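File shown: entry02.cif. Contents: mmCIF, C-alpha atoms and all ligand atoms.
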```cif
data_query
#
loop_
_atom_site.group_PDB
_atom_site.id
_atom_site.type_symbol
_atom_site.label_atom_id
_atom_site.label_comp_id
_atom_site.auth_asym_id
_atom_site.auth_seq_id
_atom_site.Cartn_x
_atom_site.Cartn_y
_atom_site.Cartn_z
ATOM 1 C CA MET A 1 123.687 -112.518 -10.616
ATOM 2 C CA THR A 2 121.837 -115.822 -10.835
ATOM 3 C CA HIS A 3 121.405 -117.638 -7.527
ATOM 4 C CA GLU A 4 123.511 -120.824 -7.190
ATOM 5 C CA LEU A 5 120.356 -122.910 -6.815
ATOM 6 C CA LEU A 6 119.126 -121.722 -10.218
ATOM 7 C CA GLU A 7 122.546 -122.600 -11.661
ATOM 8 C CA ILE A 8 122.097 -126.174 -10.354
ATOM 9 C CA LEU A 9 118.573 -126.320 -11.810
ATOM 10 C CA LYS A 10 119.913 -125.466 -15.280
ATOM 11 C CA THR A 11 121.726 -128.800 -15.318
ATOM 12 C CA ARG A 12 119.753 -131.199 -13.134
ATOM 13 C CA THR A 13 116.902 -131.874 -10.730
ATOM 14 C CA ALA A 14 118.075 -130.645 -7.328
ATOM 15 C CA ILE A 15 117.914 -133.208 -4.536
ATOM 16 C CA PHE A 16 117.032 -131.949 -1.060
ATOM 17 C CA ASP A 17 117.362 -133.754 2.293
ATOM 18 C CA GLY A 18 114.945 -136.060 4.121
ATOM 19 C CA GLY A 19 113.524 -136.230 7.642
ATOM 20 C CA MET A 20 115.446 -134.668 10.532
ATOM 21 C CA GLY A 21 113.347 -135.317 13.655
ATOM 22 C CA SER A 22 113.443 -139.106 13.556
ATOM 23 C CA MET A 23 117.200 -139.011 12.896
ATOM 24 C CA LEU A 24 117.730 -136.905 16.035
ATOM 25 C CA ILE A 25 115.409 -139.162 18.063
ATOM 26 C CA ALA A 26 117.623 -142.090 17.005
ATOM 27 C CA ARG A 27 120.527 -140.116 18.463
ATOM 28 C CA GLY A 28 118.833 -139.556 21.799
ATOM 29 C CA LEU A 29 116.490 -136.590 21.383
ATOM 30 C CA GLY A 30 113.902 -137.163 24.098
ATOM 31 C CA PRO A 31 110.101 -136.774 23.884
ATOM 32 C CA GLY A 32 109.204 -133.126 24.372
ATOM 33 C CA GLU A 33 112.814 -132.045 24.016
ATOM 34 C CA ASN A 34 113.314 -129.063 21.756
ATOM 35 C CA PRO A 35 115.283 -130.177 18.636
ATOM 36 C CA GLU A 36 116.625 -126.652 18.071
ATOM 37 C CA THR A 37 118.462 -126.549 21.402
ATOM 38 C CA TRP A 38 120.644 -129.366 20.053
ATOM 39 C CA ASN A 39 122.290 -126.695 17.889
ATOM 40 C CA LEU A 40 123.789 -125.373 21.127
ATOM 41 C CA GLU A 41 124.095 -128.593 23.137
ATOM 42 C CA LYS A 42 124.769 -131.379 20.612
ATOM 43 C CA PRO A 43 125.984 -129.730 17.405
ATOM 44 C CA ASP A 44 127.989 -132.819 16.419
ATOM 45 C CA ALA A 45 124.849 -134.991 16.295
ATOM 46 C CA VAL A 46 123.079 -132.419 14.088
ATOM 47 C CA ALA A 47 126.123 -132.136 11.819
ATOM 48 C CA GLU A 48 126.400 -135.928 11.542
ATOM 49 C CA VAL A 49 122.825 -136.259 10.244
ATOM 50 C CA GLN A 50 123.318 -133.441 7.753
ATOM 51 C CA HIS A 51 126.612 -134.938 6.591
ATOM 52 C CA LEU A 52 124.770 -138.228 5.921
ATOM 53 C CA TYR A 53 122.324 -136.375 3.686
ATOM 54 C CA TYR A 54 125.012 -134.607 1.651
ATOM 55 C CA GLU A 55 126.822 -137.927 1.329
ATOM 56 C CA ALA A 56 123.576 -139.589 0.156
ATOM 57 C CA GLY A 57 123.342 -137.080 -2.698
ATOM 58 C CA SER A 58 121.523 -134.022 -1.357
ATOM 59 C CA ASP A 59 122.361 -130.810 -3.210
ATOM 60 C CA VAL A 60 120.592 -128.796 -0.525
ATOM 61 C CA VAL A 61 120.225 -129.625 3.184
ATOM 62 C CA HIS A 62 117.960 -127.801 5.635
ATOM 63 C CA THR A 63 119.254 -126.316 8.877
ATOM 64 C CA ASN A 64 117.918 -127.678 12.180
ATOM 65 C CA SER A 65 115.734 -124.627 12.776
ATOM 66 C CA PHE A 66 112.235 -125.716 11.769
ATOM 67 C CA GLY A 67 110.771 -124.685 15.145
ATOM 68 C CA GLY A 68 113.188 -121.780 15.552
ATOM 69 C CA SER A 69 110.920 -118.810 14.948
ATOM 70 C CA PRO A 70 111.272 -116.387 17.879
ATOM 71 C CA VAL A 71 107.505 -116.618 18.501
ATOM 72 C CA LYS A 72 107.686 -120.403 18.874
ATOM 73 C CA LEU A 73 110.907 -120.350 20.914
ATOM 74 C CA ALA A 74 109.356 -117.802 23.272
ATOM 75 C CA ASP A 75 106.627 -120.341 24.004
ATOM 76 C CA ARG A 76 109.346 -122.699 25.199
ATOM 77 C CA GLY A 77 111.119 -120.131 27.325
ATOM 78 C CA LEU A 78 113.896 -119.615 24.774
ATOM 79 C CA ALA A 79 113.076 -116.111 23.543
ATOM 80 C CA ASP A 80 116.504 -114.748 24.450
ATOM 81 C CA GLN A 81 118.255 -117.616 22.597
ATOM 82 C CA ALA A 82 116.506 -117.181 19.234
ATOM 83 C CA GLU A 83 119.283 -115.330 17.428
ATOM 84 C CA ARG A 84 121.994 -117.690 18.690
ATOM 85 C CA ILE A 85 120.034 -120.901 17.989
ATOM 86 C CA ASN A 86 119.340 -119.922 14.383
ATOM 87 C CA ARG A 87 122.815 -118.579 13.635
ATOM 88 C CA ARG A 88 124.360 -121.758 15.069
ATOM 89 C CA ALA A 89 121.900 -123.883 13.055
ATOM 90 C CA ALA A 90 123.254 -122.436 9.817
ATOM 91 C CA GLU A 91 126.889 -122.533 10.945
ATOM 92 C CA ILE A 92 126.598 -126.264 11.774
ATOM 93 C CA THR A 93 125.152 -127.175 8.366
ATOM 94 C CA LYS A 94 127.766 -124.987 6.661
ATOM 95 C CA THR A 95 130.602 -126.951 8.313
ATOM 96 C CA VAL A 96 129.481 -130.175 6.575
ATOM 97 C CA CYS A 97 128.267 -128.627 3.295
ATOM 98 C CA PRO A 98 130.581 -129.684 0.441
ATOM 99 C CA ALA A 99 131.718 -127.149 -2.185
ATOM 100 C CA GLY A 100 129.055 -126.596 -4.818
ATOM 101 C CA LYS A 101 126.225 -127.666 -2.519
ATOM 102 C CA LEU A 102 123.904 -125.445 -0.516
ATOM 103 C CA VAL A 103 122.432 -124.762 2.931
ATOM 104 C CA ALA A 104 118.720 -123.949 3.227
ATOM 105 C CA GLY A 105 117.730 -121.964 6.298
ATOM 106 C CA ASP A 106 114.636 -123.807 7.522
ATOM 107 C CA MET A 107 111.626 -121.892 8.857
ATOM 108 C CA GLY A 108 108.406 -123.614 10.013
ATOM 109 C CA PRO A 109 105.098 -122.503 11.533
ATOM 110 C CA THR A 110 105.005 -120.366 14.665
ATOM 111 C CA GLY A 111 102.355 -122.728 16.051
ATOM 112 C CA LYS A 112 99.970 -119.818 16.546
ATOM 113 C CA PHE A 113 97.011 -118.669 14.493
ATOM 114 C CA LEU A 114 97.006 -115.190 13.030
ATOM 115 C CA LYS A 115 94.332 -112.663 13.926
ATOM 116 C CA PRO A 116 91.362 -112.734 13.777
ATOM 117 C CA LEU A 117 91.328 -116.524 14.209
ATOM 118 C CA GLY A 118 94.072 -116.438 16.850
ATOM 119 C CA ASP A 119 95.933 -113.714 18.683
ATOM 120 C CA LEU A 120 99.131 -113.357 16.630
ATOM 121 C CA ASP A 121 99.311 -110.034 14.802
ATOM 122 C CA PRO A 122 100.485 -110.598 11.183
ATOM 123 C CA ARG A 123 103.093 -107.843 11.640
ATOM 124 C CA ASP A 124 104.501 -109.655 14.684
ATOM 125 C CA ALA A 125 104.630 -112.891 12.690
ATOM 126 C CA GLU A 126 106.476 -111.105 9.881
ATOM 127 C CA ASP A 127 108.920 -109.579 12.358
ATOM 128 C CA SER A 128 109.549 -112.980 13.984
ATOM 129 C CA TYR A 129 110.334 -114.554 10.598
ATOM 130 C CA ARG A 130 112.512 -111.609 9.601
ATOM 131 C CA ARG A 131 114.607 -112.075 12.744
ATOM 132 C CA GLN A 132 114.889 -115.822 12.176
ATOM 133 C CA ALA A 133 115.899 -115.403 8.525
ATOM 134 C CA GLU A 134 118.426 -112.731 9.437
ATOM 135 C CA ALA A 135 120.152 -115.042 11.945
ATOM 136 C CA LEU A 136 120.118 -117.979 9.510
ATOM 137 C CA LEU A 137 121.698 -115.850 6.786
ATOM 138 C CA ALA A 138 124.255 -114.480 9.255
ATOM 139 C CA GLY A 139 125.227 -118.084 9.997
ATOM 140 C CA GLY A 140 125.798 -118.806 6.310
ATOM 141 C CA ALA A 141 122.480 -120.068 4.903
ATOM 142 C CA ASP A 142 122.405 -119.756 1.090
ATOM 143 C CA LEU A 143 118.635 -119.460 0.886
ATOM 144 C CA ILE A 144 115.518 -119.583 3.052
ATOM 145 C CA SER A 145 113.091 -122.514 2.872
ATOM 146 C CA ILE A 146 109.725 -122.035 4.573
ATOM 147 C CA GLU A 147 107.978 -125.392 4.974
ATOM 148 C CA THR A 148 105.137 -127.453 6.427
ATOM 149 C CA MET A 149 102.971 -124.332 6.434
ATOM 150 C CA TYR A 150 99.232 -124.942 6.875
ATOM 151 C CA SER A 151 98.264 -121.261 6.771
ATOM 152 C CA LEU A 152 98.775 -119.277 3.569
ATOM 153 C CA GLU A 153 98.541 -115.994 5.520
ATOM 154 C CA GLU A 154 101.326 -117.013 7.868
ATOM 155 C CA THR A 155 103.417 -118.203 4.912
ATOM 156 C CA LEU A 156 103.015 -114.816 3.247
ATOM 157 C CA ALA A 157 104.184 -113.160 6.483
ATOM 158 C CA ALA A 158 107.254 -115.434 6.445
ATOM 159 C CA VAL A 159 108.046 -114.639 2.797
ATOM 160 C CA ARG A 160 107.680 -110.904 3.433
ATOM 161 C CA GLY A 161 109.862 -111.142 6.540
ATOM 162 C CA ALA A 162 112.681 -112.916 4.669
ATOM 163 C CA LYS A 163 112.349 -110.731 1.572
ATOM 164 C CA SER A 164 112.569 -107.549 3.651
ATOM 165 C CA LEU A 165 116.256 -108.435 4.207
ATOM 166 C CA GLY A 166 117.130 -107.836 0.552
ATOM 167 C CA ALA A 167 118.121 -110.223 -2.236
ATOM 168 C CA VAL A 168 117.283 -113.451 -0.437
ATOM 169 C CA PHE A 169 116.199 -116.545 -2.401
ATOM 170 C CA VAL A 170 113.012 -117.827 -0.751
ATOM 171 C CA ILE A 171 111.188 -121.140 -1.254
ATOM 172 C CA ALA A 172 107.718 -121.487 0.293
ATOM 173 C CA SER A 173 106.183 -124.953 0.774
ATOM 174 C CA LEU A 174 102.635 -125.484 1.972
ATOM 175 C CA THR A 175 101.053 -128.618 3.354
ATOM 176 C CA TYR A 176 97.926 -129.677 1.476
ATOM 177 C CA ASN A 177 95.262 -132.223 2.221
ATOM 178 C CA ARG A 178 93.601 -134.206 -0.512
ATOM 179 C CA THR A 179 89.817 -133.876 -0.865
ATOM 180 C CA LYS A 180 87.501 -135.092 -3.590
ATOM 181 C CA ASN A 181 87.450 -131.521 -4.907
ATOM 182 C CA GLY A 182 91.231 -131.200 -5.104
ATOM 183 C CA PHE A 183 94.041 -130.151 -2.790
ATOM 184 C CA PHE A 184 93.477 -127.619 -0.001
ATOM 185 C CA THR A 185 95.445 -126.280 2.952
ATOM 186 C CA MET A 186 94.054 -126.852 6.427
ATOM 187 C CA MET A 187 92.762 -123.270 6.275
ATOM 188 C CA GLY A 188 90.918 -123.981 3.020
ATOM 189 C CA ASP A 189 93.092 -122.340 0.366
ATOM 190 C CA GLY A 190 93.340 -124.162 -2.955
ATOM 191 C CA VAL A 191 96.484 -124.592 -5.044
ATOM 192 C CA ALA A 192 95.844 -121.836 -7.623
ATOM 193 C CA THR A 193 94.984 -119.260 -4.926
ATOM 194 C CA ALA A 194 98.052 -120.144 -2.873
ATOM 195 C CA VAL A 195 100.471 -120.165 -5.809
ATOM 196 C CA LYS A 196 99.252 -116.761 -7.039
ATOM 197 C CA ALA A 197 99.545 -115.208 -3.576
ATOM 198 C CA LEU A 198 103.026 -116.637 -3.042
ATOM 199 C CA GLU A 199 104.212 -115.312 -6.395
ATOM 200 C CA ASP A 200 102.761 -111.890 -5.626
ATOM 201 C CA SER A 201 104.552 -111.864 -2.264
ATOM 202 C CA GLY A 202 107.905 -112.414 -3.988
ATOM 203 C CA ALA A 203 108.598 -116.096 -3.304
ATOM 204 C CA ASP A 204 111.246 -117.341 -5.768
ATOM 205 C CA ALA A 205 110.126 -120.951 -5.700
ATOM 206 C CA MET A 206 107.256 -122.856 -4.143
ATOM 207 C CA GLY A 207 106.007 -126.293 -3.471
ATOM 208 C CA SER A 208 104.638 -128.690 -0.933
ATOM 209 C CA ASN A 209 105.895 -130.995 1.787
ATOM 210 C CA CYS A 210 104.612 -133.329 4.477
ATOM 211 C CA SER A 211 101.071 -134.675 5.012
ATOM 212 C CA LEU A 212 100.903 -136.506 1.690
ATOM 213 C CA GLY A 213 102.815 -139.568 0.540
ATOM 214 C CA SER A 214 104.727 -139.661 -2.723
ATOM 215 C CA ALA A 215 101.866 -141.127 -4.803
ATOM 216 C CA ASP A 216 99.448 -138.263 -3.952
ATOM 217 C CA MET A 217 102.284 -135.788 -4.442
ATOM 218 C CA VAL A 218 102.471 -136.708 -8.138
ATOM 219 C CA GLU A 219 98.997 -135.247 -8.744
ATOM 220 C CA LEU A 220 99.617 -132.283 -6.478
ATOM 221 C CA THR A 221 102.789 -131.488 -8.434
ATOM 222 C CA SER A 222 100.768 -131.382 -11.664
ATOM 223 C CA ALA A 223 98.283 -128.999 -10.038
ATOM 224 C CA ILE A 224 101.054 -126.658 -8.835
ATOM 225 C CA ARG A 225 102.811 -126.820 -12.218
ATOM 226 C CA ALA A 226 99.568 -125.869 -13.960
ATOM 227 C CA ALA A 227 99.472 -122.714 -11.826
ATOM 228 C CA THR A 228 103.054 -121.449 -12.055
ATOM 229 C CA ARG A 229 106.295 -121.328 -14.061
ATOM 230 C CA SER A 230 108.395 -120.887 -10.896
ATOM 231 C CA PRO A 231 110.729 -123.675 -9.727
ATOM 232 C CA ILE A 232 108.837 -126.283 -7.672
ATOM 233 C CA LEU A 233 110.094 -128.154 -4.579
ATOM 234 C CA ILE A 234 108.258 -131.344 -3.538
ATOM 235 C CA GLN A 235 109.105 -133.222 -0.319
ATOM 236 C CA PRO A 236 106.694 -136.126 0.342
ATOM 237 C CA ASN A 237 106.461 -138.279 3.420
ATOM 238 C CA ALA A 238 107.450 -141.938 3.201
ATOM 239 C CA GLY A 239 103.914 -142.973 2.326
ATOM 240 C CA LYS A 240 100.813 -142.488 4.440
ATOM 241 C CA PRO A 241 101.307 -142.340 8.215
ATOM 242 C CA LEU A 242 100.040 -145.481 9.962
ATOM 243 C CA ALA A 243 99.218 -145.708 13.655
ATOM 244 C CA VAL A 244 100.850 -148.727 15.273
ATOM 245 C CA ASP A 245 100.847 -149.131 19.066
ATOM 246 C CA ASP A 246 100.345 -145.386 19.691
ATOM 247 C CA ALA A 247 103.231 -144.524 17.381
ATOM 248 C CA VAL A 248 103.120 -143.117 13.867
ATOM 249 C CA VAL A 249 105.037 -145.216 11.390
ATOM 250 C CA TYR A 250 105.748 -144.970 7.664
ATOM 251 C CA ARG A 251 105.900 -148.174 5.703
ATOM 252 C CA GLN A 252 106.972 -147.114 2.234
ATOM 253 C CA THR A 253 110.307 -148.464 1.026
ATOM 254 C CA ALA A 254 113.094 -146.289 -0.312
ATOM 255 C CA ALA A 255 112.707 -147.944 -3.729
ATOM 256 C CA GLU A 256 108.970 -147.125 -3.891
ATOM 257 C CA PHE A 257 109.697 -143.563 -2.814
ATOM 258 C CA ALA A 258 112.361 -143.184 -5.514
ATOM 259 C CA ALA A 259 110.035 -144.593 -8.204
ATOM 260 C CA ASP A 260 107.441 -141.949 -7.305
ATOM 261 C CA GLY A 261 110.268 -139.380 -7.394
ATOM 262 C CA ILE A 262 110.609 -140.044 -11.121
ATOM 263 C CA ARG A 263 106.864 -139.431 -11.568
ATOM 264 C CA ILE A 264 107.011 -136.278 -9.442
ATOM 265 C CA ARG A 265 109.783 -134.946 -11.667
ATOM 266 C CA ALA A 266 107.794 -135.835 -14.783
ATOM 267 C CA ALA A 267 104.823 -133.946 -13.313
ATOM 268 C CA GLY A 268 106.938 -130.797 -13.142
ATOM 269 C CA ALA A 269 109.047 -130.711 -9.970
ATOM 270 C CA ASP A 270 112.508 -129.140 -10.238
ATOM 271 C CA MET A 271 113.596 -130.002 -6.706
ATOM 272 C CA ILE A 272 112.714 -133.135 -4.719
ATOM 273 C CA GLY A 273 113.445 -134.188 -1.160
ATOM 274 C CA GLY A 274 111.699 -136.117 1.592
ATOM 275 C CA CYS A 275 109.745 -135.306 4.731
ATOM 276 C CA CYS A 276 108.518 -137.452 7.646
ATOM 277 C CA GLY A 277 109.745 -141.040 7.642
ATOM 278 C CA THR A 278 112.438 -140.496 5.014
ATOM 279 C CA THR A 279 116.095 -141.180 5.776
ATOM 280 C CA PRO A 280 119.441 -140.854 3.967
ATOM 281 C CA GLU A 281 118.677 -144.246 2.366
ATOM 282 C CA PHE A 282 115.541 -142.737 0.750
ATOM 283 C CA ILE A 283 117.554 -139.776 -0.515
ATOM 284 C CA ARG A 284 120.296 -142.044 -1.888
ATOM 285 C CA GLU A 285 117.701 -144.095 -3.847
ATOM 286 C CA LEU A 286 115.954 -140.935 -5.004
ATOM 287 C CA ALA A 287 119.191 -139.324 -6.218
ATOM 288 C CA ARG A 288 120.180 -142.493 -8.041
ATOM 289 C CA ALA A 289 116.749 -142.807 -9.705
ATOM 290 C CA VAL A 290 116.484 -139.174 -10.730
ATOM 291 C CA ARG A 291 120.022 -138.809 -12.140
HETATM 292 ZN ZN ZN B 1 106.713 -134.141 7.376
#
```

Can I see the file as structure tokens?
Ligand SMILES: [Zn+2]
Amino acid sequence: MTHELLEILKTRTAIFDGGMGSMLIARGLGPGENPETWNLEKPDAVAEVQHLYYEAGSDVVHTNSFGGSPVKLADRGLADQAERINRRAAEITKTVCPAGKLVAGDMGPTGKFLKPLGDLDPRDAEDSYRRQAEALLAGGADLISIETMYSLEETLAAVRGAKSLGAVFVIASLTYNRTKNGFFTMMGDGVATAVKALEDSGADAMGSNCSLGSADMVELTSAIRAATRSPILIQPNAGKPLAVDDAVVYRQTAAEFAADGIRIRAAGADMIGGCCGTTPEFIRELARAVR
């Protein structure tokens, strides 16, 4: 049976959601507070943000579980809550997901480096991601979206962990930096190397998010498209981050973002959303421009 996301892609460009963190901060999430614990303590605030994204035109919205890998939660003294936090994350998004639209179980970096660079055993990383994906799927996630990954090795562990659960649709998005020699992850892997490894590991779709603004993402999309026939997800930030009075701000307008969305689609993206600095307004403009 074809996955529902692929059914959507037969007819249109799929629109994903935008930034989550800044939306929760606007609703009172304090500095240093763990966003994932809001799944247990303030589920209505999480649901409200996700509802705004579906209403703005998102076909797929991520769960509030980006930092919810058991390894990362253990660092914050929440090891025993990992299963509950992730299951609740998916249940919350499911309650506001309209018929015909989808919930993506969000998985981000553990925050640790794999051996030999750091002390996290790749098998422990894989096991942590498997547990997170299992809880997200138990809560009703329709697919798993691994994002903002700076290490290809850790991403492969996440894909393997999710795929070990059976017929799970998995998207893997890396974060690339732009150099004069092309696009590379923080760990130094280029686009062609990363795409090949992700395909070999069984990822169903791949792409990039964060770090770059929408203009740079146009070129990166072309580079990814040149390396694969798989569906591509691109989620740019709202322009380049600017430091203003110790805070990071994004100055791109929703209209500029949406105009680049058209170019990103033309460069080969099948799915487009937003990352840091983007809001439901950005997604509304993007959806309008792309459709
Ligand atoms: Zn971001």

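With only C-alpha atoms and all ligand atoms as the atoms that count, the set of residues no farther than 9 Å from ligand ZN 1 (chain B) is Gly19, Thr148, Thr175, Asn209, Cys210, Ser211, Leu212, Gln235, Pro236, Asn237, Ala238, Gly274, Cys275, Cys276, Gly277 and Thr278 of chain A.
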
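Contact shell of Ser69 (chain A) at 9 Å (all atoms listed in the file; same-chain neighbours under 3 positions omitted): Ser65, Phe66, Lys72, Leu73, Ala74, Ala82, Asn86, Met107, Gly108, Pro109, Thr110, Ala125, Ser128, Tyr129, Arg131, Gln132 and Ala133 of chain A.
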
(message) Counting only C-alpha atoms, which residue out of A:Glu126, A:Asp260, A:Glu134, A:Glu55 sits closest to Pro98 (chain A)?
(response)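 For Pro98 (chain A), the nearest of the given residues is A:Glu55.
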
(request) Could you please determine the separation between CA of Ala26 (chain A) and CA of Met271 (chain A) in Å, to one decimal place? (result)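 Spanning CA of Ala26 (chain A) to CA of Met271 (chain A) is a straight-line distance of 26.9 Å.
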
(message) Once the PyMOL selection byres (((chain A and resi 89) around 6) and not hetatm) is applied to the coordinates I shared, what remains selected? I want it as a PyMOL selection string.
(response) chain A and resi 39+63-64+86-88+90-92

(request) Enumerate, as a PyMOL selection string, the residues matched when the PyMOL selection byres (((chain A and resi 157) around 9) and not hetatm) is run on the file above. (result) chain A and resi 122-127+129+152-156+158-162+201

(request) Could you check how far CA of Asp106 (chain A) sits from CA of Ile146 (chain A), in Å to one decimal? (result) 6.0 Å

(request) Using the chain letters and residue numbers of this document, give as a list in words the residues selected by the PyMOL selection byres (((chain A and resi 58-60) around 6) and not hetatm). (result)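 Listing what the PyMOL selection byres (((chain A and resi 58-60) around 6) and not hetatm) selects in the shown file: Ala14, Ile15, Phe16, Asp17, Tyr53, Tyr54, Gly57, Val61, Lys101, Leu102 and Val103 of chain A.
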
(message) Just to confirm, what's the straight-line distance from CA of Asn177 (chain A) to CA of Thr279 (chain A) in Å (one decimal)?
(response) 23.0 Å

How big is the axis-aligned box around the listed atoms of region 83-100 of chain A once 4 Å is added on each side, and where is its centre? Give both in Å to one decimal, as JSON.
```
{"center_x": 125.5, "center_y": -122.8, "center_z": 6.9, "size_x": 20.4, "size_y": 22.8, "size_z": 31.5}
```

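In this comparison, which uses all atoms listed in the file, the residue of A:Arg76, A:His51, A:His3, A:Arg265 approaching Pro35 (chain A) most closely is A:Arg76.
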
(request) Tell me which of A:Ala167, A:Ala269, A:Met23, A:Ala255 sits closest to Ala223 (chain A), counting only C-alpha atoms. (result)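 Selected residue with least distance to Ala223 (chain A): A:Ala269.
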
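Take the candidates A:Ala99, A:Met20, A:Ala197, A:Ala254 and check each one against Glu4 (chain A) using all atoms listed in the file; the shortest distance goes to A:Ala99.
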
(request) Quick one: everything within 12 Å of Thr179 (chain A), counting all atoms listed in the file, minus sequence neighbours fewer than 5 positions away in the same chain. Send it as a list in words. (result)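 Residues meeting the cut-off are Phe184, Thr185, Met186, Gly188, Gly190, Leu212, Asp216 and Leu220 of chain A.
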
(request) Counting only C-alpha atoms, figure out which residue out of A:Pro31, A:Thr95, A:Lys163, A:Ala205 gets nearest to Asp44 (chain A). (result) A:Thr95
